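To start, the structure itself, in C-alpha cells.
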Amino acid sequence: MKKKDLEYFKKLIVEEQNKVLKDMGYIKETLLDSTIRDASGDHSAYAFHMADQGSDTYDREKTFMLASRENKYLSELVDAMRRVEEGTYGVCMICGKDIEKERLEVVLVAKYHVECKRQLEKVKSKDAQETSNY
Ligand SMILES: [Zn+2]
C-alpha cells in the first residue's frame with residue numbers, strides 16, 4: 001500500500017478509535033449509573049428508559065456484552081494501527097494480495113481480501129462465528 005494511503009487509513013483508524021473510546025465511556029457511565037440507582041432504590045428513570053426490555057439485571061448483562069464487544073473491536077483497531085506502522089496494513093494475511101480500498105473503508109480492521117474472506121466464511125463453523133468477524 002502506498003504511503004499516502006497508509007496515512008489516509010491511519011487517520012480513519014484514529015478517528016474510529018476515538019469514537020469507540022467515547023462509546024465505551026458512555027457504556028461505563030450507564031453501568032455505573034444503574035449501580036448507583038440500585039443502591040438508592042430508585043429505578044424510575046431507568047425503568048422509563050428501558051421500559052420494555054426486562055429486568056435491570058438483564059440490561060446490565062447486555063451492557064456488559066456490548067462493552068466486551070467494543071473492547072474486542074478496539075483491540076482490533078490497535079492491531080490495525082500496528083500494521084499501519086509496520087507498513088503491512090491493507091495486505092491480505094492469507095494470500096498477500098492488496099485488500100480492496102473500498103473494503104477497508106467499510107471494514108477498517110479487515111485482514112483478508114474479499115475472496116479469502118469468502119473462503120473463510122465457507123469453512124467457518126457456527127462456533128467460530130464469534131471470533132472471526134473481520
Ligand atoms: Zn487474500
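We name chains A, B, ... following the order of the C-alpha cells; residues begin at 1 in each chain, and ligands are numbered from 1 as shown.
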
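A distance cut-off of 7 Å from ligand 1, applied to only C-alpha atoms and all ligand atoms, picks out the residues Cys92, Met93, Ile94, Cys95, Gly96, Lys97, Tyr112, His113, Val114, Glu115 and Cys116 of chain A.
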
Note to self: Please return, as a PyMOL selection string, all residues of region 10-116 of chain A that DSSP assigns to helix (DSSP H, G or I) on the basis of the backbone.
What the structure shows: chain A and resi 10-40+44-49+56-86+101-106+114-116

Notebook entry, point to check: In Å, with one decimal, what is the gap from CA of Ser68 (chain A) to CA of Ile27 (chain A)?
Noted result: 10.3 Å

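Here CA of Glu76 (chain A) stands at a distance of 6.2 Å from CA of Val109 (chain A).
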
Notebook entry, point to check: Near Asp23 (chain A), within 12 Å and counting only C-alpha atoms, which residues show up once chain neighbours fewer than 4 positions away are dropped, as an NGL selection string?
Noted result: :A and (16-19 or 27-30 or 63 or 66-71 or 73-74)

Selection to disk with C-alpha atoms, as a PDB file, in the first residue's frame:
ATOM      1  CA  GLU A  16     -12.588   5.243  14.850  1.00  0.00           C
ATOM      2  CA  GLN A  17     -10.562   4.572  18.000  1.00  0.00           C
ATOM      3  CA  ASN A  18     -11.724   7.855  19.473  1.00  0.00           C
ATOM      4  CA  LYS A  19     -15.309   7.013  18.612  1.00  0.00           C
ATOM      5  CA  ILE A  27     -21.259   2.300  28.480  1.00  0.00           C
ATOM      6  CA  LYS A  28     -19.229   2.667  31.658  1.00  0.00           C
ATOM      7  CA  GLU A  29     -21.377   5.578  32.759  1.00  0.00           C
ATOM      8  CA  THR A  30     -24.509   3.559  32.085  1.00  0.00           C
ATOM      9  CA  THR A  63     -24.380  -3.640  28.529  1.00  0.00           C
ATOM     10  CA  LEU A  66     -21.700  -4.629  24.476  1.00  0.00           C
ATOM     11  CA  ALA A  67     -18.689  -3.418  26.454  1.00  0.00           C
ATOM     12  CA  SER A  68     -16.713  -6.577  25.753  1.00  0.00           C
ATOM     13  CA  ARG A  69     -17.605  -6.387  22.078  1.00  0.00           C
ATOM     14  CA  GLU A  70     -16.382  -2.788  21.922  1.00  0.00           C
ATOM     15  CA  ASN A  71     -13.288  -3.879  23.781  1.00  0.00           C
ATOM     16  CA  TYR A  73     -13.131  -4.058  18.360  1.00  0.00           C
ATOM     17  CA  LEU A  74     -10.791  -1.588  19.998  1.00  0.00           C
TER      18      LEU A  74
END

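Residues in contact with Lys10 (chain A) at 7 Å, where only C-alpha atoms are counted and same-chain residues fewer than 3 positions away are skipped, are listed as Leu6, Glu7, Ile13, Val14, Met81 and Val84 of chain A.
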
May I have the selected residues written with N, CA and C atoms, as an mmCIF file, in the first residue's frame?
data_model
loop_
_atom_site.group_PDB
_atom_site.id
_atom_site.type_symbol
_atom_site.label_atom_id
_atom_site.label_comp_id
_atom_site.auth_asym_id
_atom_site.auth_seq_id
_atom_site.Cartn_x
_atom_site.Cartn_y
_atom_site.Cartn_z
ATOM 1 N N LEU A 6 -1.641 4.752 3.381
ATOM 2 C CA LEU A 6 -1.435 4.381 4.777
ATOM 3 C C LEU A 6 -1.792 5.547 5.700
ATOM 4 N N GLU A 7 -1.327 6.733 5.301
ATOM 5 C CA GLU A 7 -1.630 7.932 6.096
ATOM 6 C C GLU A 7 -3.139 8.160 6.179
ATOM 7 N N ILE A 13 -8.444 5.288 11.225
ATOM 8 C CA ILE A 13 -8.355 4.387 12.380
ATOM 9 C C ILE A 13 -8.329 5.185 13.682
ATOM 10 N N VAL A 14 -7.572 6.280 13.686
ATOM 11 C CA VAL A 14 -7.514 7.123 14.889
ATOM 12 C C VAL A 14 -8.908 7.661 15.218
ATOM 13 N N MET A 81 -3.649 -0.493 13.588
ATOM 14 C CA MET A 81 -2.720 0.632 13.687
ATOM 15 C C MET A 81 -1.280 0.133 13.660
ATOM 16 N N VAL A 84 -0.382 -0.577 10.236
ATOM 17 C CA VAL A 84 -0.100 0.664 9.500
ATOM 18 C C VAL A 84 1.357 1.066 9.730
#

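If you measure from each of A:Val20, A:Phe9, A:Lys62, A:Ile99 to Ala80 (chain A) using only C-alpha atoms, the closest one turns out to be A:Phe9.
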
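Shortest separation to Leu21 (chain A) among A:Lys4, A:Arg83, A:Lys72, A:Lys101 occurs at residue A:Lys72, atoms counted being only C-alpha atoms.
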
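When CA of Val91 (chain A) is paired with CA of Gln119 (chain A), their separation reads 16.4 Å.
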